[in-house]
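Listing of structure_19.cif; format and content: mmCIF, C-alpha atoms.
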```cif
data_structure
loop_
_atom_site.label_atom_id
_atom_site.label_comp_id
_atom_site.auth_asym_id
_atom_site.auth_seq_id
_atom_site.Cartn_x
_atom_site.Cartn_y
_atom_site.Cartn_z
CA MET A 1 66.11 23.96 72.47
CA GLY A 2 66.50 26.89 70.10
CA GLN A 3 63.77 29.04 68.63
CA SER A 4 64.03 27.30 65.25
CA THR A 5 63.23 23.94 66.81
CA THR A 6 60.23 25.45 68.57
CA VAL A 7 58.96 27.03 65.36
CA ALA A 8 59.47 23.80 63.39
CA THR A 9 57.60 21.81 66.03
CA ALA A 10 54.76 24.35 66.04
CA PHE A 11 54.46 24.23 62.26
CA THR A 12 54.47 20.43 62.29
CA ALA A 13 51.74 20.41 64.92
CA ILE A 14 49.66 22.92 62.95
CA MET A 15 50.05 20.89 59.76
CA ILE A 16 49.01 17.67 61.47
CA ILE A 17 45.98 19.35 63.04
CA ALA A 18 45.00 20.98 59.75
CA GLY A 19 45.44 17.72 57.83
CA VAL A 20 43.44 15.70 60.31
CA SER A 21 40.67 18.28 60.41
CA ILE A 22 40.45 18.30 56.58
CA LEU A 23 40.29 14.51 56.52
CA VAL A 24 37.63 14.40 59.26
CA THR A 25 35.57 17.10 57.54
CA SER A 26 35.64 15.38 54.17
CA THR A 27 34.90 11.97 55.69
CA VAL A 28 31.93 13.28 57.68
CA SER A 29 30.68 15.10 54.61
CA SER A 30 31.02 11.90 52.54
CA PHE A 31 29.08 9.92 55.11
CA GLY A 32 26.31 12.51 54.97
CA VAL A 33 26.09 12.34 51.18
CA ILE A 34 26.15 8.53 51.10
CA SER A 35 23.57 8.41 53.87
CA ARG A 36 21.18 10.49 51.77
CA GLY A 37 21.72 8.16 48.83
CA ILE A 38 21.03 5.09 50.97
CA ASP A 39 17.87 6.76 52.36
CA SER A 40 16.66 7.31 48.81
CA MET A 41 17.31 3.69 47.83
CA VAL A 42 15.67 2.30 50.97
CA SER A 43 12.50 4.37 50.57
CA GLN A 44 12.27 3.33 46.92
CA ASN A 45 12.72 -0.36 47.71
CA GLU A 46 10.29 -0.13 50.62
CA ALA A 47 7.61 1.27 48.31
CA VAL A 48 8.20 -1.45 45.72
CA LEU A 49 8.12 -4.22 48.34
CA ASN A 50 4.80 -3.07 49.79
CA GLU A 51 3.04 -2.15 46.57
CA ASP A 52 0.95 -4.55 44.53
CA VAL A 53 -2.00 -4.24 42.14
CA GLU A 54 -4.07 -6.86 40.38
CA PHE A 55 -6.63 -6.96 37.61
CA THR A 56 -9.77 -8.71 38.79
CA SER A 57 -12.17 -8.45 35.85
CA TRP A 58 -12.88 -6.59 32.65
CA ARG A 59 -15.58 -6.04 30.06
CA LEU A 60 -16.03 -4.23 26.78
CA LEU A 61 -18.28 -1.20 27.03
CA ASP A 62 -18.28 -0.68 23.28
CA SER A 63 -15.94 -1.46 20.42
CA GLN A 64 -13.42 1.18 21.52
CA THR A 65 -13.90 1.18 25.27
CA LEU A 66 -12.64 -1.34 27.77
CA ARG A 67 -13.54 -1.25 31.44
CA ALA A 68 -11.41 -3.17 33.90
CA ASN A 69 -11.38 -3.57 37.65
CA VAL A 70 -8.01 -3.26 39.35
CA THR A 71 -7.53 -3.95 43.04
CA ASN A 72 -4.83 -2.49 45.25
CA THR A 73 -3.57 -5.69 46.87
CA GLY A 74 -0.52 -4.06 48.44
CA GLU A 75 -0.09 -1.99 51.58
CA THR A 76 0.54 1.41 50.06
CA SER A 77 -1.79 4.16 48.94
CA ILE A 78 -1.41 5.81 45.56
CA ARG A 79 -2.63 9.39 45.32
CA LEU A 80 -4.98 10.21 42.48
CA ARG A 81 -2.83 13.22 41.66
CA ASP A 82 0.03 10.80 40.91
CA PHE A 83 -2.00 8.73 38.46
CA ASP A 84 -0.50 10.68 35.56
CA LYS A 85 2.76 8.97 36.53
CA MET A 86 1.19 5.57 35.96
CA ASP A 87 1.62 3.71 32.70
CA CYS A 88 -1.08 1.93 30.79
CA ILE A 89 0.16 -0.09 27.84
CA VAL A 90 -2.48 -1.66 25.64
CA THR A 91 -1.89 -4.35 23.04
CA TYR A 92 -4.65 -4.71 20.47
CA THR A 93 -5.27 -5.81 16.93
CA VAL A 94 -6.93 -3.93 14.11
CA SER A 95 -7.76 -5.91 10.97
CA GLY A 96 -5.46 -8.66 12.20
CA LYS A 97 -2.50 -6.32 12.69
CA ARG A 98 -1.08 -6.26 16.19
CA ASN A 99 -0.19 -2.97 17.82
CA SER A 100 0.86 -1.73 21.25
CA THR A 101 0.46 1.75 22.55
CA TRP A 102 1.12 3.69 25.74
CA VAL A 103 -2.15 5.30 26.76
CA PRO A 104 -2.02 8.55 28.76
CA TYR A 105 -4.10 9.14 31.88
CA ALA A 106 -6.72 11.86 31.46
CA GLN A 107 -9.29 11.88 34.23
CA ALA A 108 -11.33 14.59 32.52
CA GLY A 109 -11.28 12.72 29.23
CA ASP A 110 -9.57 13.53 25.98
CA THR A 111 -10.16 13.35 22.26
CA GLY A 112 -7.22 10.98 21.82
CA SER A 113 -6.67 7.58 23.37
CA HIS A 114 -6.76 7.84 27.14
CA TRP A 115 -7.66 6.09 30.36
CA ASN A 116 -9.35 7.30 33.49
CA VAL A 117 -10.98 6.11 36.69
CA THR A 118 -14.75 5.80 36.59
CA ARG A 119 -15.63 4.29 39.97
CA VAL A 120 -14.11 3.02 43.19
CA PHE A 121 -15.29 0.05 45.24
CA PHE A 122 -14.51 -1.20 48.71
CA ASN A 123 -15.75 -4.59 49.88
CA GLY A 124 -17.80 -4.86 46.71
CA VAL A 125 -19.71 -1.65 47.42
CA GLU A 126 -19.24 1.51 45.39
CA GLY A 127 -17.39 4.23 47.28
CA ASP A 128 -14.45 4.26 49.66
CA GLU A 129 -13.98 5.25 53.26
CA VAL A 130 -10.28 5.97 53.60
CA ASN A 131 -8.86 8.94 51.70
CA PRO A 132 -12.01 9.09 49.55
CA LEU A 133 -11.47 9.65 45.87
CA LYS A 134 -13.04 12.57 44.09
CA LEU A 135 -12.96 11.81 40.41
CA THR A 136 -14.10 15.16 39.05
CA ALA A 137 -12.09 18.37 39.17
CA PRO A 138 -10.54 19.21 41.52
CA VAL A 139 -9.51 15.59 41.91
CA TYR A 140 -8.11 14.31 45.18
CA GLY A 141 -7.94 11.25 47.37
CA SER A 142 -5.97 8.04 47.27
CA TRP A 143 -6.29 4.51 46.00
CA ASP A 144 -5.91 2.65 49.26
CA PRO A 145 -5.23 -1.01 50.07
CA ARG A 146 -8.14 -3.38 49.25
CA GLU A 147 -9.89 -0.75 47.17
CA THR A 148 -10.87 -1.64 43.62
CA LEU A 149 -10.85 0.88 40.83
CA GLU A 150 -12.94 0.62 37.73
CA ILE A 151 -10.79 2.07 34.99
CA GLN A 152 -11.90 2.89 31.49
CA ILE A 153 -9.56 2.67 28.53
CA TRP A 154 -10.61 4.33 25.33
CA LEU A 155 -8.68 3.85 22.09
CA GLU A 156 -9.05 6.23 19.19
CA GLU A 157 -8.47 3.39 16.69
CA SER A 158 -11.77 2.19 15.27
CA ASN A 159 -12.81 -1.38 16.16
CA PRO A 160 -9.72 -2.44 18.06
CA SER A 161 -9.68 -5.95 19.45
CA PHE A 162 -8.17 -5.58 22.93
CA GLN A 163 -5.60 -8.29 23.66
CA TYR A 164 -3.52 -7.30 26.64
CA VAL A 165 -3.30 -4.48 29.16
CA THR A 166 -0.40 -3.65 31.47
CA LEU A 167 -0.83 -1.12 34.25
CA VAL A 168 2.29 0.19 35.98
CA THR A 169 2.25 2.15 39.25
CA PRO A 170 4.47 5.20 39.84
CA ASP A 171 6.92 2.87 41.63
CA ALA A 172 7.02 0.55 38.59
CA VAL A 173 4.93 -2.26 40.08
CA LYS A 174 3.14 -3.99 37.21
CA ALA A 175 -0.21 -5.70 36.74
CA SER A 176 -1.37 -7.32 33.54
CA THR A 177 -4.48 -8.96 32.19
CA ASP A 178 -4.73 -11.05 29.07
CA LEU A 179 -8.28 -9.92 28.14
CA VAL A 180 -9.31 -13.39 27.08
CA LEU A 181 -13.03 -14.08 27.41
CA GLU A 182 -13.67 -17.45 29.05
CA TYR A 183 -17.34 -17.48 28.11
CA GLU A 184 -20.04 -15.31 26.65
CA VAL A 185 -23.82 -15.41 27.07
CA GLY A 186 -26.76 -13.71 25.45
CA VAL A 187 -30.18 -13.97 23.88
CA ALA A 188 -30.81 -14.39 20.16
CA ILE A 189 -34.14 -14.44 18.33
CA VAL A 190 -35.14 -16.51 15.34
CA THR A 191 -37.66 -14.11 13.90
CA THR A 192 -41.09 -15.04 12.60
CA GLY A 193 -40.80 -16.99 9.37
CA GLY A 194 -37.04 -17.49 9.75
CA THR A 195 -35.23 -20.76 10.34
CA TYR A 196 -31.99 -19.56 11.89
CA VAL A 197 -30.19 -16.71 13.59
CA ASP A 198 -26.49 -15.92 13.41
CA VAL A 199 -24.93 -14.85 16.69
CA ALA A 200 -21.63 -12.95 16.58
CA HIS A 201 -19.29 -13.51 19.52
CA ARG A 202 -16.03 -12.03 20.82
CA LEU A 203 -14.18 -15.05 22.15
CA GLY A 204 -11.63 -14.66 19.42
CA ARG A 205 -11.48 -18.47 19.00
CA THR A 206 -13.81 -21.33 18.10
CA PRO A 207 -15.90 -22.15 21.20
CA LYS A 208 -15.27 -25.54 22.86
CA ASN A 209 -18.87 -25.74 24.07
CA VAL A 210 -22.08 -24.14 22.80
CA GLN A 211 -25.45 -24.23 24.55
CA ALA A 212 -28.79 -22.93 23.27
CA THR A 213 -32.07 -23.07 25.18
CA PRO A 214 -35.42 -21.93 23.73
CA GLN A 215 -37.36 -19.52 25.91
CA ALA A 216 -40.70 -20.68 24.50
CA ASP A 217 -42.38 -23.95 23.47
CA LEU A 218 -41.37 -24.61 19.87
CA SER A 219 -44.37 -26.93 19.34
CA GLY A 220 -42.18 -29.93 18.65
CA THR A 221 -39.91 -28.15 16.20
CA GLY A 222 -36.34 -29.28 16.61
CA PHE A 223 -33.39 -26.91 17.03
CA TRP A 224 -29.63 -27.24 16.75
CA VAL A 225 -26.45 -25.26 16.43
CA SER A 226 -24.21 -25.09 13.36
CA ASP A 227 -21.54 -22.96 11.69
CA VAL A 228 -19.53 -22.57 14.88
CA ASP A 229 -16.35 -20.62 14.24
CA SER A 230 -14.14 -17.98 15.81
CA SER A 231 -16.57 -15.14 15.12
CA LYS A 232 -20.11 -16.57 15.22
CA ILE A 233 -22.50 -19.44 15.86
CA ARG A 234 -25.78 -20.22 14.12
CA ILE A 235 -28.94 -21.37 15.94
CA ASN A 236 -31.30 -23.26 13.63
CA ILE A 237 -34.89 -24.47 13.96
CA GLY A 238 -36.44 -27.33 11.96
CA SER A 239 -39.15 -25.24 10.30
CA SER A 240 -40.27 -21.64 10.36
CA LEU A 241 -42.65 -20.58 13.10
CA GLY A 242 -45.44 -18.07 13.26
CA PHE A 243 -43.85 -16.23 16.15
CA ASP A 244 -40.46 -14.93 17.31
CA ALA A 245 -38.45 -17.70 18.99
CA PRO A 246 -35.94 -16.33 21.48
CA PHE A 247 -33.01 -18.51 22.62
CA TYR A 248 -30.69 -18.18 25.58
CA TRP A 249 -27.18 -19.02 24.43
CA ARG A 250 -23.89 -19.57 26.15
CA ILE A 251 -20.52 -20.36 24.60
CA GLU A 252 -17.18 -21.17 26.24
CA MET B 1 77.67 35.98 70.81
CA ALA B 2 76.55 38.27 67.99
CA SER B 3 77.45 35.65 65.38
CA SER B 4 75.48 33.05 67.32
CA VAL B 5 72.40 35.26 67.29
CA VAL B 6 72.81 35.89 63.57
CA SER B 7 73.21 32.21 62.75
CA GLU B 8 70.23 31.36 64.96
CA GLY B 9 68.24 33.99 63.07
CA VAL B 10 69.30 32.59 59.70
CA VAL B 11 68.34 29.05 60.77
CA LEU B 12 65.00 30.38 62.07
CA VAL B 13 64.23 32.10 58.78
CA ALA B 14 65.26 28.96 56.88
CA VAL B 15 63.04 26.79 59.08
CA VAL B 16 60.09 29.15 58.67
CA ILE B 17 60.48 29.16 54.88
CA ALA B 18 60.89 25.36 54.75
CA ALA B 19 57.93 24.80 57.05
CA ALA B 20 55.78 27.22 55.06
CA ALA B 21 56.69 25.49 51.79
CA LEU B 22 56.07 22.07 53.27
CA SER B 23 52.77 23.08 54.80
CA GLN B 24 51.71 24.60 51.47
CA VAL B 25 52.43 21.33 49.69
CA PHE B 26 50.82 19.30 52.46
CA LEU B 27 47.66 21.37 52.68
CA THR B 28 47.31 21.48 48.89
CA SER B 29 47.58 17.70 48.79
CA MET B 30 45.04 17.35 51.55
CA ALA B 31 42.68 19.74 49.80
CA GLY B 32 43.07 17.71 46.59
CA LEU B 33 42.37 14.53 48.52
CA GLU B 34 39.28 16.10 50.07
CA HIS B 35 38.09 17.35 46.70
CA GLY B 36 38.60 13.90 45.18
CA THR B 37 36.76 12.20 48.02
CA LEU B 38 33.84 14.59 47.81
CA SER B 39 33.69 14.28 44.04
CA MET B 40 33.70 10.50 44.26
CA THR B 41 31.05 10.58 46.97
CA GLU B 42 28.85 12.88 44.92
CA ARG B 43 29.10 10.54 41.94
CA LEU B 44 28.29 7.59 44.16
CA ASN B 45 25.32 9.45 45.62
CA ASP B 46 24.14 10.38 42.13
CA LYS B 47 24.35 6.72 41.12
CA MET B 48 22.50 5.60 44.23
CA LYS B 49 19.69 8.05 43.51
CA THR B 50 19.39 6.89 39.90
CA ASN B 51 17.24 3.89 39.16
CA ILE B 52 15.34 2.81 36.06
CA ASP B 53 12.93 0.03 35.21
CA VAL B 54 12.34 -1.34 31.74
CA ILE B 55 8.58 -1.90 31.72
CA SER B 56 7.86 -3.49 28.40
CA ALA B 57 9.12 -3.89 24.86
CA VAL B 58 7.29 -4.76 21.69
CA ASN B 59 7.93 -4.63 17.97
CA THR B 60 5.57 -2.27 16.20
CA SER B 61 6.78 -3.07 12.68
CA SER B 62 9.29 -5.31 11.01
CA THR B 63 12.07 -2.78 11.65
CA THR B 64 10.86 -0.93 14.74
CA VAL B 65 10.77 -1.78 18.42
CA LYS B 66 9.23 0.33 21.17
CA VAL B 67 10.48 0.09 24.72
CA TRP B 68 9.03 1.85 27.75
CA VAL B 69 11.46 2.74 30.53
CA LYS B 70 10.44 4.29 33.85
CA ASN B 71 12.58 6.49 36.07
CA THR B 72 12.17 4.87 39.49
CA GLY B 73 14.96 6.81 41.16
CA THR B 74 14.93 10.30 42.59
CA SER B 75 17.46 11.87 40.27
CA ILE B 76 16.25 14.34 37.67
CA ILE B 77 17.70 13.57 34.26
CA PRO B 78 17.46 16.28 31.59
CA ALA B 79 16.41 15.08 28.14
CA THR B 80 19.80 16.08 26.74
CA VAL B 81 21.42 13.77 29.28
CA VAL B 82 19.06 10.89 28.46
CA GLU B 83 20.54 11.01 24.97
CA MET B 84 23.92 10.24 26.52
CA GLY B 85 22.63 6.84 27.63
CA ASP B 86 23.66 3.64 25.92
CA ILE B 87 21.43 1.01 24.41
CA ILE B 88 22.47 -2.56 23.83
CA PHE B 89 19.95 -4.36 21.65
CA GLY B 90 19.66 -7.36 19.41
CA ARG B 91 18.90 -11.05 19.16
CA ILE B 92 20.34 -12.99 22.04
CA GLY B 93 23.96 -13.65 21.30
CA GLU B 94 24.05 -11.07 18.52
CA TYR B 95 23.32 -7.82 20.33
CA SER B 96 25.31 -4.67 19.84
CA HIS B 97 25.47 -1.03 20.81
CA VAL B 98 22.81 1.14 19.13
CA GLN B 99 23.64 4.73 18.31
CA TYR B 100 21.32 7.59 19.25
CA ALA B 101 19.76 9.00 16.09
CA GLU B 102 16.83 11.36 15.81
CA SER B 103 16.05 9.96 12.37
CA GLY B 104 16.92 6.81 10.51
CA ALA B 105 18.45 3.73 12.04
CA GLY B 106 19.28 4.10 15.73
CA TRP B 107 17.34 4.95 18.84
CA ASP B 108 15.29 7.93 19.81
CA PHE B 109 12.99 8.65 22.73
CA THR B 110 9.94 10.63 23.79
CA LEU B 111 9.13 11.81 27.30
CA LEU B 112 5.60 10.56 27.90
CA ASN B 113 4.11 11.83 31.14
CA SER B 114 6.30 14.83 31.77
CA ASP B 115 5.41 18.49 32.00
CA ASP B 116 8.91 19.65 31.16
CA THR B 117 12.04 18.42 29.40
CA ASN B 118 13.36 16.49 32.38
CA TRP B 119 12.96 12.77 33.03
CA GLN B 120 11.91 12.75 36.66
CA ASN B 121 10.80 10.22 39.25
CA SER B 122 7.94 7.97 38.04
CA GLU B 123 8.02 9.41 34.54
CA THR B 124 8.34 7.16 31.53
CA ILE B 125 10.19 7.46 28.26
CA GLU B 126 9.20 5.67 25.10
CA ILE B 127 12.30 4.51 23.28
CA THR B 128 11.97 3.71 19.60
CA ILE B 129 14.67 1.56 18.08
CA THR B 130 14.78 1.58 14.32
CA SER B 131 16.74 -1.17 12.70
CA ALA B 132 18.39 -0.77 9.32
CA SER B 133 17.39 -4.32 8.45
CA GLU B 134 14.28 -6.38 9.09
CA LEU B 135 14.08 -7.82 12.59
CA GLU B 136 13.94 -11.60 12.51
CA LYS B 137 11.61 -13.53 14.78
CA GLY B 138 13.19 -14.74 17.97
CA ASP B 139 14.28 -13.79 21.47
CA TYR B 140 15.76 -10.36 21.91
CA TYR B 141 17.76 -8.54 24.55
CA PHE B 142 17.49 -4.88 25.50
CA ARG B 143 19.55 -2.93 27.98
CA PHE B 144 19.51 0.76 28.75
CA ASN B 145 22.44 2.36 30.54
CA THR B 146 22.00 5.84 31.93
CA TYR B 147 24.72 8.46 31.62
CA ASN B 148 26.10 7.46 35.03
CA GLY B 149 26.17 3.71 34.48
CA VAL B 150 22.87 2.64 36.04
CA ASP B 151 21.13 0.07 33.89
CA ASP B 152 18.19 -2.25 33.51
CA GLU B 153 17.53 -4.95 30.96
CA LEU B 154 14.70 -6.95 29.44
CA TYR B 155 14.40 -10.08 27.37
CA PHE B 156 11.47 -10.18 25.01
CA THR B 157 10.31 -12.00 21.92
CA ILE B 158 9.48 -10.87 18.44
CA GLY B 159 7.01 -13.30 16.95
CA ASP B 160 4.07 -13.41 14.57
#
```
Can you give me the file's structure in the form of structure tokens?
Amino acid sequence: MGQSTTVATAFTAIMIIAGVSILVTSTVSSFGVISRGIDSMVSQNEAVLNEDVEFTSWRLLDSQTLRANVTNTGETSIRLRDFDKMDCIVTYTVSGKRNSTWVPYAQAGDTGSHWNVTRVFFNGVEGDEVNPLKLTAPVYGSWDPRETLEIQIWLEESNPSFQYVTLVTPDAVKASTDLVLEYEVGVAIVTTGGTYVDVAHRLGRTPKNVQATPQADLSGTGFWVSDVDSSKIRINIGSSLGFDAPFYWRIE
Amino acid sequence: MASSVVSEGVVLVAVVIAAAALSQVFLTSMAGLEHGTLSMTERLNDKMKTNIDVISAVNTSSTTVKVWVKNTGTSIIPATVVEMGDIIFGRIGEYSHVQYAESGAGWDFTLLNSDDTNWQNSETIEITITSASELEKGDYYFRFNTYNGVDDELYFTIGD
């Protein structure tokens, strides 16, 4: 075998080794990159699978403020510092015109529409044991499984009629509540000398059932309900009395 | 003898040159292959890290629809790249591609809960679609495609 054959063989061997090493390097590198991508997808899906939130109740604090209780029914904790990555979308009507708006989180409050957390409950008792929340600056803590948050939503629109609220966690898990009142109760007074009292309500529909119960003896004077519509009811008495006549009322 | 040595030398030089040329071509090809593989892998990785979720859509006027879309992936998308996304929108069966437009008919967006100009993990954009004509009542379809082909869609209704 001549020198040329030896050199050719050596070159061939070097080329094969170089080629194989390039292929191995790029393949290993590709696996590493894909592995990181899969890790990212798995951790994202894991968070979504284990995360769940649910509205449990709500009430109007005033015409612009809604308070709602939301319970963490999943198995993940959401840090208070990540609440600005949550979405709160409120649908409401003003003068019959429907509108929807994305409301920003502002724990310290704001002059514009905003929402924040007012209290936290665990097992029906105010306060939490695990990763306790501190709601004033500097805020910290986490919303842990089984804990219920009382959130407050304030809209800058005057006299909005809240219709629907959607809360979305940082991992895009959604909870919604329709904000429909099933019933409403209260006390109304037919004042001295009067024969009726109009009671405004917020059911947003004509009640299916109306109950009125006098708190005092009406001395045989009859009473009844009339003018029931989607915004009010009227409690009447047969003749005027010489004293205030309070009535318990309940509509549904 | 001397001629044999010379011819052996000539063949040796020829073999060296041929082998060098061949190895150059071979290694260049391999490097190109490696570059292509890595580039493809990077794109795949980028796509795997990108994920979006269309949260909600609602019409806010007879010609305007607002859609909220959340970045649920780990990729950081600059606002200028968000503009490169595609929106398919319209009544079911009649939807079409909507052009990005900062004013007039088309779609535009606002970064909602972001401290900078990047659309990052868990942040939401509010997309406003402005139609040139009045939107009829009915069922609608919305799809947002990111610059790298990741998409999410939503069916919603425009009613009274």
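Using the PyMOL selection byres ((chain A and resi 44-47) around 10) on this structure selects Ile38, Asp39, Ser40, Met41, Val42, Ser43, Val48, Leu49, Asn50, Glu51, Asp52, Gly74, Glu75, Thr76, Ser77, Pro170, Asp171, Ala172 and Val173 of chain A; Lys49, Asn51, Thr72, Gly73 and Thr74 of chain B.
What separates atom CA of B:Ile127 from atom CA of A:Glu157 is a distance of 21.8 Å.
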Shell of 12 Å around B:Asp108, all atoms listed in the file, local chain residues under 5 positions omitted, as a PyMOL selection string: chain B and resi 64-68+79-80+82-87+98-103+125-131
Under the rule of at most 7 Å, produce a per-residue listing of chain A near chain B: chain, number, name, the closest pair of atoms, and the distance in Å, as JSON lines, using only C-alpha atoms.
```
{"residue": "A:Gln3", "atom": "CA", "partner": "B:Leu12", "partner_atom": "CA", "distance": 6.8}
{"residue": "A:Ser4", "atom": "CA", "partner": "B:Leu12", "partner_atom": "CA", "distance": 4.5}
{"residue": "A:Ala8", "atom": "CA", "partner": "B:Val15", "partner_atom": "CA", "distance": 6.3}
{"residue": "A:Phe11", "atom": "CA", "partner": "B:Ala19", "partner_atom": "CA", "distance": 6.3}
{"residue": "A:Met15", "atom": "CA", "partner": "B:Ser23", "partner_atom": "CA", "distance": 6.1}
{"residue": "A:Gly19", "atom": "CA", "partner": "B:Met30", "partner_atom": "CA", "distance": 6.3}
{"residue": "A:Ile22", "atom": "CA", "partner": "B:Met30", "partner_atom": "CA", "distance": 6.9}
{"residue": "A:Leu23", "atom": "CA", "partner": "B:Glu34", "partner_atom": "CA", "distance": 6.7}
{"residue": "A:Ser26", "atom": "CA", "partner": "B:Glu34", "partner_atom": "CA", "distance": 5.5}
{"residue": "A:Ser30", "atom": "CA", "partner": "B:Thr41", "partner_atom": "CA", "distance": 5.7}
{"residue": "A:Val33", "atom": "CA", "partner": "B:Asn45", "partner_atom": "CA", "distance": 6.3}
{"residue": "A:Ile34", "atom": "CA", "partner": "B:Asn45", "partner_atom": "CA", "distance": 5.6}
{"residue": "A:Gly37", "atom": "CA", "partner": "B:Asn45", "partner_atom": "CA", "distance": 5.0}
{"residue": "A:Ile38", "atom": "CA", "partner": "B:Met48", "partner_atom": "CA", "distance": 6.9}
{"residue": "A:Ser40", "atom": "CA", "partner": "B:Lys49", "partner_atom": "CA", "distance": 6.1}
{"residue": "A:Met41", "atom": "CA", "partner": "B:Lys49", "partner_atom": "CA", "distance": 6.6}
{"residue": "A:Asp84", "atom": "CA", "partner": "B:Asn113", "partner_atom": "CA", "distance": 6.5}
{"residue": "A:Lys85", "atom": "CA", "partner": "B:Ser122", "partner_atom": "CA", "distance": 5.5}
{"residue": "A:Asn99", "atom": "CA", "partner": "B:Thr60", "partner_atom": "CA", "distance": 6.0}
{"residue": "A:Ser100", "atom": "CA", "partner": "B:Thr60", "partner_atom": "CA", "distance": 6.9}
{"residue": "A:Pro170", "atom": "CA", "partner": "B:Ser122", "partner_atom": "CA", "distance": 4.8}
{"residue": "A:Asp171", "atom": "CA", "partner": "B:Thr72", "partner_atom": "CA", "distance": 6.0}
{"residue": "A:Ala172", "atom": "CA", "partner": "B:Thr72", "partner_atom": "CA", "distance": 6.8}
```
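Residues captured in this structure file are Val54, Ser56, Ala57, Tyr141, Phe142, Arg143, Asp152, Glu153, Tyr155 and Phe156 of chain B, according to the PyMOL selection byres ((chain B and resi 154) around 8).
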Selection under test: the PyMOL selection byres ((chain A and resi 222) around 9); residues as a ChimeraX atom specification: /A:218-221,223-224,236-239
Produce a file of the selected residues containing C-alpha atoms, as a PDB file, in the frame of the given file.
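Output contents, as saved in selection.pdb:
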```pdb
ATOM      1  CA  LEU A 218     -41.370 -24.610  19.870  1.00  0.00           C
ATOM      2  CA  SER A 219     -44.370 -26.930  19.340  1.00  0.00           C
ATOM      3  CA  GLY A 220     -42.180 -29.930  18.650  1.00  0.00           C
ATOM      4  CA  THR A 221     -39.910 -28.150  16.200  1.00  0.00           C
ATOM      5  CA  PHE A 223     -33.390 -26.910  17.030  1.00  0.00           C
ATOM      6  CA  TRP A 224     -29.630 -27.240  16.750  1.00  0.00           C
ATOM      7  CA  ASN A 236     -31.300 -23.260  13.630  1.00  0.00           C
ATOM      8  CA  ILE A 237     -34.890 -24.470  13.960  1.00  0.00           C
ATOM      9  CA  GLY A 238     -36.440 -27.330  11.960  1.00  0.00           C
ATOM     10  CA  SER A 239     -39.150 -25.240  10.300  1.00  0.00           C
TER      11      SER A 239
END
```
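Of the residues listed (A:Tyr92, A:Tyr183, A:Tyr196, A:Phe55), A:Phe55 shows the shortest atom-to-atom separation from A:Ile151; distances use only C-alpha atoms.
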Distance in Å - atom CA of A:Val228 versus atom CA of A:Ser240: 21.2 Å
Exercise: residues within 9 Å of coordinate (10.8, -13.8, 22.5), counting all atoms listed in the file, as a count of residues only: 10
Straight-line distance linking atom CA of A:Thr136 with atom CA of A:Ala108, stated in Å to one decimal: 7.1 Å
All residues 10 Å or closer to A:Val185, only C-alpha atoms, same chain fewer than 2 positions away omitted, as a list of chain:residue names: A:Tyr183, A:Val187, A:Ala188, A:His201, A:Val210, A:Gln211, A:Ala212, A:Tyr248, A:Trp249, A:Arg250, A:Ile251, A:Glu252
Nearby residues (all atoms listed in the file) at most 7 Å from A:Thr177, same-chain spacing under 6 positions excluded, as a list of chain:residue names: A:Phe55, A:Tyr164, A:Val165, A:Thr166
Please save C-alpha atoms of the selected residues as a compact mmCIF listing (two decimals), in the frame of the given file.
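Wrote out10.txt, looks like this:
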```txt
# COMPACT_ATOMS: atom_id res chain seq x y z
CA PHE A 55 -6.63 -6.96 37.61
CA TYR A 164 -3.52 -7.30 26.64
CA VAL A 165 -3.30 -4.48 29.16
CA THR A 166 -0.40 -3.65 31.47
```
Close residues, A:Val180 itself excluded, 8 Å, all atoms listed in the file, min 2 positions apart in chain, as a ChimeraX atom specification: /A:163,178,182,203
Protein and nucleic acid residues near (-17.2, -20.7, 11.2) (cut-off 12 Å, all atoms listed in the file) as number ranges by chain: A: 198-201, 204-207, 225-234
